[in-house]
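Accompanying notes for the structure given below.
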Amino acid sequence: MADAQRIAPDSEFLHGVLAAGGEDLKKCFQCATCSTVCELSPAERPFPRKEMIWAQWGLKDRLVADPDIWLCHQCNDCSTRCPRGARPGDVLAAVRRQAVAHYATPRALGRYAQEVKYLPVMFLVSAGLLLLALAVKQPLWQSGKGVLHYLDHPGFYAELFPHWLLIGFFSFFWGLSMLGGLVGIVRFWQAMQAADKAAGRYTPKTGIVASLVAVLLALVRHDNFAKCKAGAPRRLAHLGAFYGFLTLFVVSVWAVIVLYMINPLAHHYFDYPFHLWNPWKLLANAGCVALIGGCLLAIRERMQDQAHAGASTSFDWVLVWVLLSVGVTGLLTEVLRFAAEPAGLAVLKYTAYTVYFAHLVLVFQLLVYLPYSKFAHLLYRTTALVYAEHTGRNTNHT
Amino acid sequence: MSGNGSKGKVLVIGGGISGITAAIEASEAGCEVVLVEQNPYLGGRVAQMHQYFPKLCPPTCGLEMNLRRLRASSRIQVLTLSTVERIAGSPGRYQATIRCNPRRVTRKCTACGACVAACPAERPDEFNCGMSSTKAIYMPFEMAYPLQYVIDEGTCRGTACGKCVPACPYQAIDLEMKPKTIEIEAQAVIWATGWAPYDAAKIEGLGFGACRNVITNLMLERLASPGGPTAGKIQRPSDGKEIQSVAFVQCAGSRDENYLKHCSGVCCMASLKQSRYVRDQYPNAEIYIFYIDVRSPGRLEDFYAQVQKDAKVHLIKGKVAKVHEDGADGAVVVEAEDALSGRRVAQKVDLVVLATGVAPNSGSVRLELGGALQHDEHGFVNGDQPLAGLLAAGCAKRPADVASCVRDATGAALKALQCCVEGSRG
């Protein structure tokens, strides 16, 4: 055998996949039903049949450099039709989790953010950092006592956690983690490129910017979800969570712009906090409802239709519940601000601050750990889709 | 030994190749045999085949030799149109209740066929997988044993019509023949209940029932058979057009935990065989065989190697998962991934043959023995039963080709003989 290749199985990776929802991997006998029933799989080198054998052989290097694991949207059409119950959809999900850990920068964060046993630690770290930030403003022991005092001021929550501090705090930590995420996706891109170059098939078809635009346009409509046969609930759930989150993110950025750029220059053009009937406030509330609705739909789908939703691991649940909790605590924070009148009950005021603090911890959990949690799919799937568009892999479907 | 010089009695349930073999072997060794068959003829699935693999000879040949042996034996009582309803008793002394349904045609029948023209009622011909029809009074197939017409109870309008009665020159038709129930005693019971083709309509995505030119492997046997609905011409069911291309879909319902979890064992060889006779009939036809892996054990590998040499037979490693009709002309597209090249294939063909598998068929005999018949996880009858003298042979036990069934049935006959000897000593 002149072209014999020595393969280097990574057994740790293999066991990781088996443990993370891909426990049926070894049942696969390579019949390739999965590649055929998948509506997203391209004509050349379709997935997930090849990924199944790579995973069985522990070929981590190939899998983490494979855009296809991210082209999958886990509708599990393949798993329901698999004649062996090998559940390729769940295996790819487990491989993606390993890929997130592989590209995590710094690497240790990837490990801590993925293991559910470290979840309390991660929450404590978030809470601790927030308390430290509060201490910047004034000693902690005074914060508690001062709560009632703050309530008499119109700024309310901002009195406890001034905007400059809040924005500075989140910008710093989120910026750092997204820098890690950026390193991750650059490494991912390079790995995909290197694999294609080694196989002599790296022939870009579309520019990167044009590819990104095409991918984002498809994302706006959730085209790929529509192709999966998984049906309306799943697409609807993701649409809700996606647009809900996006809306809240955009409104938050706009609020920062209003506070620090427009209002100082235009003599307090906007009332801040926004009035309840302010279009931005309405938009934020609509986003919050969409986020909560999307998460509830996702939870229902995961609990009721396990054949399609697939194995739900802690990796999946943590993201869904954190997202839902961010939405719920956000909404409660808002309601309590209106409910806790300056002359109102002290218990309401304490509740308001507690919920607000929990909300901030959850936002930290969601945003700062983004590149290391399941939320990282936002980075890696987008990168893979752009790469697929860039190399023409999205266009050659039968 | 019982008083008439016989070595005892064996009940054989099922008159296919396994049941016939077991009955003959046991009777030739001196046992009395009651052979019960629910169809109006013997031969079972083998009678429906066009050719055997690997020799490509017609099954009627081997069947005829066995039927000759069967006729020569005075110790075999053949009960067609009959089912075993109940088995009671204990090892060494089983009592069976057998229901014999009326044929409504007596032994006076000479198979002249004068009745057929007179009969106004039609029924789909199950023997041809419903691809043709017969009158309510019909001959199951040209080589049927017993060579007697039969009246289909469900279709016949009975004495209200009665047109066949005067049409028969031999007074062989008795429309008022009644079912009867008989009781027998036996030392051994052999389950040779055979198999049923898996219902292709249950398989998701393979287009059976939805696409006109998707058929099963058994239907192709009938299409190719000289006694079949097209007198042996393989053609498209939709328009009777000649075949330019055929796709064989292996493991259609087999090795699939959604349908039959087991490997049906014979479908690979069946499709390889069928590819040969399609190519004989259409020297220019292109054949596409989509498989997971080809199972051709032992010397059958030589046959596989022969087929592989044919440049017009394309073997594609990948299970077909999507089948759809393409346009109005009835062409069918099958989709798979060619796992060796790593490319998705969408092959347009004239005819798609689903290699549907072997489903177990153990019948519905009521056992009153203080123990049920033991089955394996796939529903086949276990070869080892806790009660002595309860035996199984052929495809009732596991999917198998004809030659294996014959060997297995011979073994079962030996086991039955042992029970009879034990019984006579006791």
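Every chain in the structure tokens has a letter given in the order shown (A, B, ...), and although residue numbers restart at 1 in each chain, ligands are simply numbered from 1 in the order shown.
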Do you have, as JSON lines, the list of residues of chain A lying at most 12 Å from chain B, each with its nearest atom pair and that distance in Å to one decimal, counting only C-alpha atoms and ordered by chain then number?
{"residue": "A:Lys27", "atom": "CA", "partner": "B:Glu257", "partner_atom": "CA", "distance": 11.3}
{"residue": "A:Cys28", "atom": "CA", "partner": "B:Asp256", "partner_atom": "CA", "distance": 11.4}
{"residue": "A:Phe29", "atom": "CA", "partner": "B:Ile292", "partner_atom": "CA", "distance": 8.1}
{"residue": "A:Gln30", "atom": "CA", "partner": "B:Ile292", "partner_atom": "CA", "distance": 7.4}
{"residue": "A:Cys31", "atom": "CA", "partner": "B:Ile292", "partner_atom": "CA", "distance": 5.1}
{"residue": "A:Ala32", "atom": "CA", "partner": "B:Gly318", "partner_atom": "CA", "distance": 5.5}
{"residue": "A:Thr33", "atom": "CA", "partner": "B:Ala321", "partner_atom": "CA", "distance": 5.4}
{"residue": "A:Cys34", "atom": "CA", "partner": "B:Ala321", "partner_atom": "CA", "distance": 8.1}
{"residue": "A:Ser35", "atom": "CA", "partner": "B:Glu337", "partner_atom": "CA", "distance": 6.3}
{"residue": "A:Thr36", "atom": "CA", "partner": "B:Ala336", "partner_atom": "CA", "distance": 5.3}
{"residue": "A:Val37", "atom": "CA", "partner": "B:Ala321", "partner_atom": "CA", "distance": 6.2}
{"residue": "A:Cys38", "atom": "CA", "partner": "B:Ala321", "partner_atom": "CA", "distance": 9.9}
{"residue": "A:Glu39", "atom": "CA", "partner": "B:Lys322", "partner_atom": "CA", "distance": 11.2}
{"residue": "A:Ser41", "atom": "CA", "partner": "B:Arg344", "partner_atom": "CA", "distance": 9.1}
{"residue": "A:Pro42", "atom": "CA", "partner": "B:Arg344", "partner_atom": "CA", "distance": 7.8}
{"residue": "A:Ala43", "atom": "CA", "partner": "B:Arg344", "partner_atom": "CA", "distance": 4.9}
{"residue": "A:Glu44", "atom": "CA", "partner": "B:Arg343", "partner_atom": "CA", "distance": 4.8}
{"residue": "A:Arg45", "atom": "CA", "partner": "B:Gly342", "partner_atom": "CA", "distance": 4.8}
{"residue": "A:Pro46", "atom": "CA", "partner": "B:Arg343", "partner_atom": "CA", "distance": 6.5}
{"residue": "A:Phe47", "atom": "CA", "partner": "B:Gly342", "partner_atom": "CA", "distance": 9.1}
{"residue": "A:Pro48", "atom": "CA", "partner": "B:Glu337", "partner_atom": "CA", "distance": 10.6}
{"residue": "A:Arg49", "atom": "CA", "partner": "B:Ala339", "partner_atom": "CA", "distance": 8.0}
{"residue": "A:Lys50", "atom": "CA", "partner": "B:Gly342", "partner_atom": "CA", "distance": 7.9}
{"residue": "A:Glu51", "atom": "CA", "partner": "B:Gly342", "partner_atom": "CA", "distance": 11.4}
{"residue": "A:Met52", "atom": "CA", "partner": "B:Ala339", "partner_atom": "CA", "distance": 11.9}
{"residue": "A:Ile53", "atom": "CA", "partner": "B:Ala339", "partner_atom": "CA", "distance": 11.0}
{"residue": "A:Asp77", "atom": "CA", "partner": "B:Ala321", "partner_atom": "CA", "distance": 11.5}
{"residue": "A:Cys78", "atom": "CA", "partner": "B:Ala321", "partner_atom": "CA", "distance": 10.2}
{"residue": "A:Ser79", "atom": "CA", "partner": "B:Asn258", "partner_atom": "CA", "distance": 11.2}
{"residue": "A:Thr80", "atom": "CA", "partner": "B:Asn258", "partner_atom": "CA", "distance": 8.8}
{"residue": "A:Arg81", "atom": "CA", "partner": "B:Asn258", "partner_atom": "CA", "distance": 7.8}
{"residue": "A:Cys82", "atom": "CA", "partner": "B:Asp256", "partner_atom": "CA", "distance": 7.7}
{"residue": "A:Pro83", "atom": "CA", "partner": "B:Asp256", "partner_atom": "CA", "distance": 4.0}
{"residue": "A:Arg84", "atom": "CA", "partner": "B:Glu257", "partner_atom": "CA", "distance": 5.9}
{"residue": "A:Gly85", "atom": "CA", "partner": "B:Glu257", "partner_atom": "CA", "distance": 7.2}
{"residue": "A:Ala86", "atom": "CA", "partner": "B:Glu257", "partner_atom": "CA", "distance": 10.5}
{"residue": "A:Asn396", "atom": "CA", "partner": "B:Arg344", "partner_atom": "CA", "distance": 10.6}
{"residue": "A:His397", "atom": "CA", "partner": "B:Arg344", "partner_atom": "CA", "distance": 9.1}
{"residue": "A:Thr398", "atom": "CA", "partner": "B:Arg344", "partner_atom": "CA", "distance": 7.6}
Residues of the last selection are to be written out with N, CA and C atoms, as a compact mmCIF listing (two decimals), in the first residue's frame.
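Output file out-v4.txt is given in full below:
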# COMPACT_ATOMS: atom_id res chain seq x y z
N LYS A 27 -22.81 2.33 17.05
CA LYS A 27 -23.78 1.48 16.36
C LYS A 27 -23.76 1.73 14.85
N CYS A 28 -23.17 2.82 14.43
CA CYS A 28 -23.19 3.19 13.01
C CYS A 28 -22.50 2.13 12.17
N PHE A 29 -23.17 1.69 11.08
CA PHE A 29 -22.51 0.76 10.16
C PHE A 29 -22.36 1.37 8.76
N GLN A 30 -22.33 2.68 8.71
CA GLN A 30 -21.95 3.38 7.48
C GLN A 30 -22.87 3.11 6.29
N CYS A 31 -24.16 3.02 6.53
CA CYS A 31 -25.07 2.78 5.40
C CYS A 31 -25.33 4.06 4.62
N ALA A 32 -25.08 5.20 5.24
CA ALA A 32 -25.17 6.51 4.57
C ALA A 32 -26.60 7.01 4.37
N THR A 33 -27.54 6.40 5.06
CA THR A 33 -28.92 6.92 5.03
C THR A 33 -28.93 8.39 5.47
N CYS A 34 -28.14 8.67 6.50
CA CYS A 34 -28.12 10.01 7.09
C CYS A 34 -27.75 11.09 6.07
N SER A 35 -26.70 10.81 5.30
CA SER A 35 -26.24 11.81 4.33
C SER A 35 -27.30 12.08 3.27
N THR A 36 -28.11 11.06 2.99
CA THR A 36 -29.12 11.20 1.94
C THR A 36 -30.36 11.92 2.44
N VAL A 37 -30.78 11.62 3.66
CA VAL A 37 -32.01 12.25 4.14
C VAL A 37 -31.79 13.69 4.57
N CYS A 38 -30.53 14.07 4.83
CA CYS A 38 -30.25 15.44 5.30
C CYS A 38 -30.54 16.44 4.19
N GLU A 39 -31.34 17.44 4.51
CA GLU A 39 -31.71 18.44 3.50
C GLU A 39 -30.63 19.53 3.38
N SER A 41 -27.23 18.79 3.55
CA SER A 41 -25.95 18.19 3.19
C SER A 41 -25.63 18.42 1.72
N PRO A 42 -24.40 18.84 1.40
CA PRO A 42 -24.06 19.12 0.00
C PRO A 42 -23.86 17.84 -0.81
N ALA A 43 -23.79 17.99 -2.13
CA ALA A 43 -23.65 16.83 -3.03
C ALA A 43 -22.25 16.21 -2.93
N GLU A 44 -21.25 17.04 -2.78
CA GLU A 44 -19.88 16.54 -2.66
C GLU A 44 -19.53 16.38 -1.19
N ARG A 45 -18.97 15.24 -0.86
CA ARG A 45 -18.59 14.96 0.53
C ARG A 45 -19.73 15.31 1.50
N PRO A 46 -20.87 14.71 1.31
CA PRO A 46 -21.99 15.05 2.20
C PRO A 46 -21.71 14.63 3.65
N PHE A 47 -22.47 15.18 4.55
CA PHE A 47 -22.38 14.78 5.95
C PHE A 47 -23.71 14.19 6.36
N PRO A 48 -23.84 13.46 7.44
CA PRO A 48 -22.83 13.20 8.48
C PRO A 48 -22.22 11.79 8.44
N ARG A 49 -22.36 11.05 7.33
CA ARG A 49 -21.82 9.69 7.32
C ARG A 49 -20.31 9.71 7.55
N LYS A 50 -19.60 10.59 6.87
CA LYS A 50 -18.14 10.61 7.03
C LYS A 50 -17.74 11.06 8.43
N GLU A 51 -18.51 11.97 9.00
CA GLU A 51 -18.21 12.41 10.37
C GLU A 51 -18.41 11.26 11.37
N MET A 52 -19.38 10.38 11.05
CA MET A 52 -19.64 9.26 11.96
C MET A 52 -18.42 8.34 12.03
N ILE A 53 -17.81 8.06 10.89
CA ILE A 53 -16.66 7.15 10.93
C ILE A 53 -15.43 7.87 11.49
N ASP A 77 -33.42 14.72 11.44
CA ASP A 77 -34.02 13.89 10.39
C ASP A 77 -33.18 12.62 10.22
N CYS A 78 -31.86 12.79 10.31
CA CYS A 78 -30.95 11.64 10.16
C CYS A 78 -31.15 10.63 11.29
N SER A 79 -31.34 11.13 12.50
CA SER A 79 -31.45 10.22 13.65
C SER A 79 -32.73 9.41 13.59
N THR A 80 -33.82 10.04 13.15
CA THR A 80 -35.07 9.29 13.13
C THR A 80 -35.07 8.24 12.02
N ARG A 81 -34.31 8.50 10.94
CA ARG A 81 -34.29 7.53 9.85
C ARG A 81 -33.15 6.52 9.99
N CYS A 82 -32.22 6.76 10.91
CA CYS A 82 -31.07 5.86 11.05
C CYS A 82 -31.53 4.44 11.37
N PRO A 83 -31.10 3.45 10.57
CA PRO A 83 -31.56 2.08 10.81
C PRO A 83 -30.94 1.43 12.05
N ARG A 84 -29.93 2.06 12.62
CA ARG A 84 -29.24 1.45 13.74
C ARG A 84 -29.44 2.20 15.05
N GLY A 85 -30.15 3.31 14.99
CA GLY A 85 -30.29 4.11 16.21
C GLY A 85 -28.97 4.71 16.65
N ALA A 86 -28.10 5.02 15.66
CA ALA A 86 -26.79 5.58 16.01
C ALA A 86 -26.88 7.09 16.27
N ASN A 396 -23.75 23.66 -4.03
CA ASN A 396 -23.77 22.50 -4.92
C ASN A 396 -24.70 21.41 -4.43
N HIS A 397 -25.77 21.83 -3.85
CA HIS A 397 -26.73 20.83 -3.38
C HIS A 397 -27.46 20.20 -4.55
N THR A 398 -27.75 18.90 -4.41
CA THR A 398 -28.43 18.21 -5.53
C THR A 398 -29.84 18.73 -5.70
**Study point:** Those of segment 258-404 of chain B in DSSP strand (DSSP E), formatted as a ChimeraX atom specification
**Key:** /B:286-291,313-317,322-326,331-338,343-349,351-356,358-360,366-368,390-392
Would you put the residues from that selection into a file with N, CA and C atoms, as a CSV table (one decimal), in the first residue's frame?
chain,number,residue,atom,x,y,z
B,286,GLU,N,-28.9,-1.0,-18.0
B,286,GLU,CA,-28.0,-0.7,-16.9
B,286,GLU,C,-28.6,-1.0,-15.6
B,287,ILE,N,-27.8,-1.7,-14.7
B,287,ILE,CA,-28.3,-2.2,-13.4
B,287,ILE,C,-27.5,-1.4,-12.3
B,288,TYR,N,-28.2,-0.9,-11.4
B,288,TYR,CA,-27.6,-0.2,-10.2
B,288,TYR,C,-28.0,-0.9,-9.0
B,289,ILE,N,-27.1,-1.4,-8.3
B,289,ILE,CA,-27.4,-2.1,-7.0
B,289,ILE,C,-26.8,-1.3,-5.9
B,290,PHE,N,-27.7,-0.7,-5.0
B,290,PHE,CA,-27.3,0.1,-3.9
B,290,PHE,C,-27.3,-0.8,-2.6
B,291,TYR,N,-26.2,-0.9,-2.0
B,291,TYR,CA,-26.1,-1.9,-0.9
B,291,TYR,C,-25.4,-1.2,0.3
B,313,VAL,N,-23.4,-3.7,-14.7
B,313,VAL,CA,-23.9,-3.8,-13.4
B,313,VAL,C,-23.1,-2.8,-12.5
B,314,HIS,N,-23.7,-1.8,-11.9
B,314,HIS,CA,-23.0,-0.9,-11.1
B,314,HIS,C,-23.3,-1.1,-9.6
B,315,LEU,N,-22.4,-1.5,-8.8
B,315,LEU,CA,-22.6,-1.7,-7.4
B,315,LEU,C,-22.2,-0.4,-6.7
B,316,ILE,N,-23.1,0.1,-5.9
B,316,ILE,CA,-22.9,1.4,-5.2
B,316,ILE,C,-23.1,1.2,-3.8
B,317,LYS,N,-22.0,1.4,-3.0
B,317,LYS,CA,-22.1,1.3,-1.6
B,317,LYS,C,-22.8,2.5,-0.9
B,322,LYS,N,-34.0,7.9,-0.4
B,322,LYS,CA,-35.1,8.7,-1.0
B,322,LYS,C,-35.4,8.2,-2.3
B,323,VAL,N,-36.7,8.0,-2.6
B,323,VAL,CA,-37.1,7.6,-3.9
B,323,VAL,C,-38.3,8.4,-4.3
B,324,HIS,N,-38.2,9.0,-5.6
B,324,HIS,CA,-39.4,9.8,-6.0
B,324,HIS,C,-39.5,9.7,-7.5
B,325,GLU,N,-40.8,9.9,-8.0
B,325,GLU,CA,-41.1,9.8,-9.4
B,325,GLU,C,-40.6,11.1,-10.0
B,326,ASP,N,-40.1,10.9,-11.3
B,326,ASP,CA,-39.5,12.1,-11.9
B,326,ASP,C,-40.4,12.4,-13.2
B,331,ALA,N,-40.6,7.6,-14.8
B,331,ALA,CA,-39.2,7.3,-14.4
B,331,ALA,C,-39.1,7.6,-12.9
B,332,VAL,N,-38.2,6.9,-12.2
B,332,VAL,CA,-38.0,7.0,-10.8
B,332,VAL,C,-36.6,7.4,-10.5
B,333,VAL,N,-36.4,8.3,-9.5
B,333,VAL,CA,-35.1,8.7,-9.1
B,333,VAL,C,-34.8,8.1,-7.7
B,334,VAL,N,-33.7,7.4,-7.6
B,334,VAL,CA,-33.3,6.9,-6.3
B,334,VAL,C,-32.1,7.8,-5.8
B,335,GLU,N,-32.1,8.1,-4.5
B,335,GLU,CA,-31.0,8.9,-4.0
B,335,GLU,C,-30.2,8.2,-2.9
B,336,ALA,N,-28.9,8.3,-2.9
B,336,ALA,CA,-28.1,7.7,-1.9
B,336,ALA,C,-26.8,8.4,-1.9
B,337,GLU,N,-25.9,8.1,-0.9
B,337,GLU,CA,-24.6,8.6,-0.9
B,337,GLU,C,-23.7,7.4,-1.3
B,338,ASP,N,-22.9,7.6,-2.3
B,338,ASP,CA,-21.9,6.6,-2.7
B,338,ASP,C,-20.8,6.8,-1.7
B,343,ARG,N,-19.9,11.0,-2.5
B,343,ARG,CA,-20.7,11.8,-3.4
B,343,ARG,C,-22.2,11.4,-3.3
B,344,ARG,N,-23.0,12.4,-3.3
B,344,ARG,CA,-24.4,12.1,-3.4
B,344,ARG,C,-24.8,11.6,-4.8
B,345,VAL,N,-25.6,10.6,-4.9
B,345,VAL,CA,-26.0,10.1,-6.2
B,345,VAL,C,-27.5,10.2,-6.3
B,346,ALA,N,-28.0,10.7,-7.4
B,346,ALA,CA,-29.4,10.7,-7.8
B,346,ALA,C,-29.5,10.0,-9.1
B,347,GLN,N,-29.9,8.7,-9.1
B,347,GLN,CA,-29.9,7.9,-10.3
B,347,GLN,C,-31.3,7.7,-10.8
B,348,LYS,N,-31.5,8.2,-12.0
B,348,LYS,CA,-32.9,8.0,-12.7
B,348,LYS,C,-32.9,6.7,-13.4
B,349,VAL,N,-34.0,5.9,-13.1
B,349,VAL,CA,-34.1,4.6,-13.7
B,349,VAL,C,-35.6,4.3,-14.1
B,351,LEU,N,-37.1,1.3,-13.5
B,351,LEU,CA,-37.7,0.4,-12.5
B,351,LEU,C,-36.9,0.4,-11.3
B,352,VAL,N,-37.6,0.4,-10.1
B,352,VAL,CA,-36.9,0.3,-8.9
B,352,VAL,C,-37.4,-1.0,-8.2
B,353,VAL,N,-36.4,-1.8,-7.8
B,353,VAL,CA,-36.8,-3.1,-7.1
B,353,VAL,C,-36.3,-3.0,-5.7
B,354,LEU,N,-37.3,-3.0,-4.8
B,354,LEU,CA,-36.9,-3.0,-3.4
B,354,LEU,C,-36.6,-4.5,-2.9
B,355,ALA,N,-35.4,-4.6,-2.4
B,355,ALA,CA,-35.1,-6.0,-1.9
B,355,ALA,C,-35.7,-6.1,-0.5
B,356,THR,N,-37.0,-6.3,-0.5
B,356,THR,CA,-37.7,-6.4,0.8
B,356,THR,C,-37.3,-7.7,1.5
B,358,VAL,N,-37.2,-10.7,4.8
B,358,VAL,CA,-37.9,-11.9,5.2
B,358,VAL,C,-38.5,-11.7,6.6
B,359,ALA,N,-39.8,-11.6,6.6
B,359,ALA,CA,-40.5,-11.3,7.9
B,359,ALA,C,-40.9,-12.7,8.5
B,360,PRO,N,-40.8,-12.9,9.8
B,360,PRO,CA,-41.2,-14.2,10.3
B,360,PRO,C,-42.7,-14.4,10.2
B,366,ARG,N,-53.1,-22.0,18.4
B,366,ARG,CA,-53.3,-21.8,19.8
B,366,ARG,C,-52.7,-23.0,20.5
B,367,LEU,N,-51.8,-22.7,21.4
B,367,LEU,CA,-51.1,-23.8,22.1
B,367,LEU,C,-51.7,-24.0,23.5
B,368,GLU,N,-52.1,-25.2,23.8
B,368,GLU,CA,-52.7,-25.5,25.2
B,368,GLU,C,-51.8,-26.5,25.8
B,390,LEU,N,-41.6,-30.5,19.8
B,390,LEU,CA,-42.0,-29.2,19.1
B,390,LEU,C,-40.8,-28.8,18.4
B,391,LEU,N,-40.8,-28.7,17.1
B,391,LEU,CA,-39.6,-28.5,16.3
B,391,LEU,C,-40.0,-27.4,15.2
B,392,ALA,N,-38.9,-26.8,14.7
B,392,ALA,CA,-39.1,-25.8,13.7
B,392,ALA,C,-38.1,-26.1,12.5
Review point. Excluding same-chain residues fewer than 2 positions from segment 228-242 of chain A, what lies within 7 Å of it counting only C-alpha atoms, as number ranges by chain?
Key: A: 39, 75, 77, 224-226, 244-246, 290-291, 293-295, 297-298, 308
Exercise for review: Quick one: pick out all alpha helix (DSSP H) residues within segment 144-361 of chain B from a backbone DSSP run and write them as a VMD selection string.
Suggested key: chain B and resid 164 to 167 217 to 224 267 to 281 300 to 309
Practice item. For Arg97 of chain A, please output as a list of chain:residue names all residues within 8 Å (counting only C-alpha atoms; exclusion window: fewer than 3 positions along the same chain). Key: A:Ala20, A:Ala93, A:Ala94, A:Val100, A:Ala101, A:Phe315, A:Lys374
Practice item. For each of A:Ala311, A:Leu176, A:Val64, A:Val183, take the minimum atom-to-atom distance to Val95 of chain A, counting only C-alpha atoms, then give the residue where this is smallest. Key: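 Residue with the minimum atom-to-atom distance to Val95 of chain A: A:Val64.
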Exercise for review: Just the residues within 9 Å of segment 268-276 of chain B, please, counting only C-alpha atoms, with nothing from its chain fewer than 4 positions along; format it as a PyMOL selection string.
Suggested key: chain B and resi 51-54+56+217+220-221+224+246+248-251+264+280-281+287-289+291+293-296+300+303-304+307+313+353+355
Point to revise | Using only C-alpha atoms: which of A:Tyr269, A:Tyr356, A:Phe364, A:Tyr387 has the shortest distance to Leu160 of chain A | key: A:Tyr356
Practice item. Extract, using only C-alpha atoms, all DNA, RNA and protein residues at most 10 Å from Phe13 of chain A, discarding same-chain residues fewer than 6 positions from it, and format them as a VMD selection string. Key: chain A and resid 19 55 57 to 61 95 98 to 99 102
Mind writing the picked residues with N, CA and C atoms as a PDB file, in the first residue's frame?
ATOM      1  N   ALA A  19     -19.541  10.515  25.785  1.00  0.00           N
ATOM      2  CA  ALA A  19     -20.118  10.960  27.049  1.00  0.00           C
ATOM      3  C   ALA A  19     -21.065  12.139  26.870  1.00  0.00           C
ATOM      4  N   ALA A  55     -15.531  10.083  13.772  1.00  0.00           N
ATOM      5  CA  ALA A  55     -15.736  10.103  15.229  1.00  0.00           C
ATOM      6  C   ALA A  55     -15.470   8.727  15.827  1.00  0.00           C
ATOM      7  N   TRP A  57     -13.437   6.602  14.787  1.00  0.00           N
ATOM      8  CA  TRP A  57     -11.989   6.384  14.787  1.00  0.00           C
ATOM      9  C   TRP A  57     -11.252   7.409  15.651  1.00  0.00           C
ATOM     10  N   GLY A  58     -11.982   8.319  16.257  1.00  0.00           N
ATOM     11  CA  GLY A  58     -11.348   9.325  17.110  1.00  0.00           C
ATOM     12  C   GLY A  58     -10.479  10.312  16.340  1.00  0.00           C
ATOM     13  N   LEU A  59     -10.887  10.619  15.090  1.00  0.00           N
ATOM     14  CA  LEU A  59     -10.074  11.537  14.279  1.00  0.00           C
ATOM     15  C   LEU A  59     -10.458  12.989  14.588  1.00  0.00           C
ATOM     16  N   LYS A  60     -10.013  13.413  15.744  1.00  0.00           N
ATOM     17  CA  LYS A  60     -10.377  14.739  16.223  1.00  0.00           C
ATOM     18  C   LYS A  60      -9.910  15.836  15.260  1.00  0.00           C
ATOM     19  N   ASP A  61      -8.686  15.682  14.761  1.00  0.00           N
ATOM     20  CA  ASP A  61      -8.117  16.738  13.914  1.00  0.00           C
ATOM     21  C   ASP A  61      -9.007  17.028  12.710  1.00  0.00           C
ATOM     22  N   VAL A  95     -19.889  16.334  18.948  1.00  0.00           N
ATOM     23  CA  VAL A  95     -18.626  16.729  18.303  1.00  0.00           C
ATOM     24  C   VAL A  95     -18.473  18.255  18.345  1.00  0.00           C
ATOM     25  N   GLN A  98     -17.209  19.333  21.579  1.00  0.00           N
ATOM     26  CA  GLN A  98     -15.763  19.106  21.661  1.00  0.00           C
ATOM     27  C   GLN A  98     -14.999  20.169  20.876  1.00  0.00           C
ATOM     28  N   ALA A  99     -15.565  20.572  19.743  1.00  0.00           N
ATOM     29  CA  ALA A  99     -14.890  21.590  18.923  1.00  0.00           C
ATOM     30  C   ALA A  99     -14.840  22.920  19.665  1.00  0.00           C
ATOM     31  N   HIS A 102     -12.176  22.657  22.032  1.00  0.00           N
ATOM     32  CA  HIS A 102     -10.879  22.635  21.355  1.00  0.00           C
ATOM     33  C   HIS A 102     -10.383  24.042  21.038  1.00  0.00           C
TER      34      HIS A 102
END
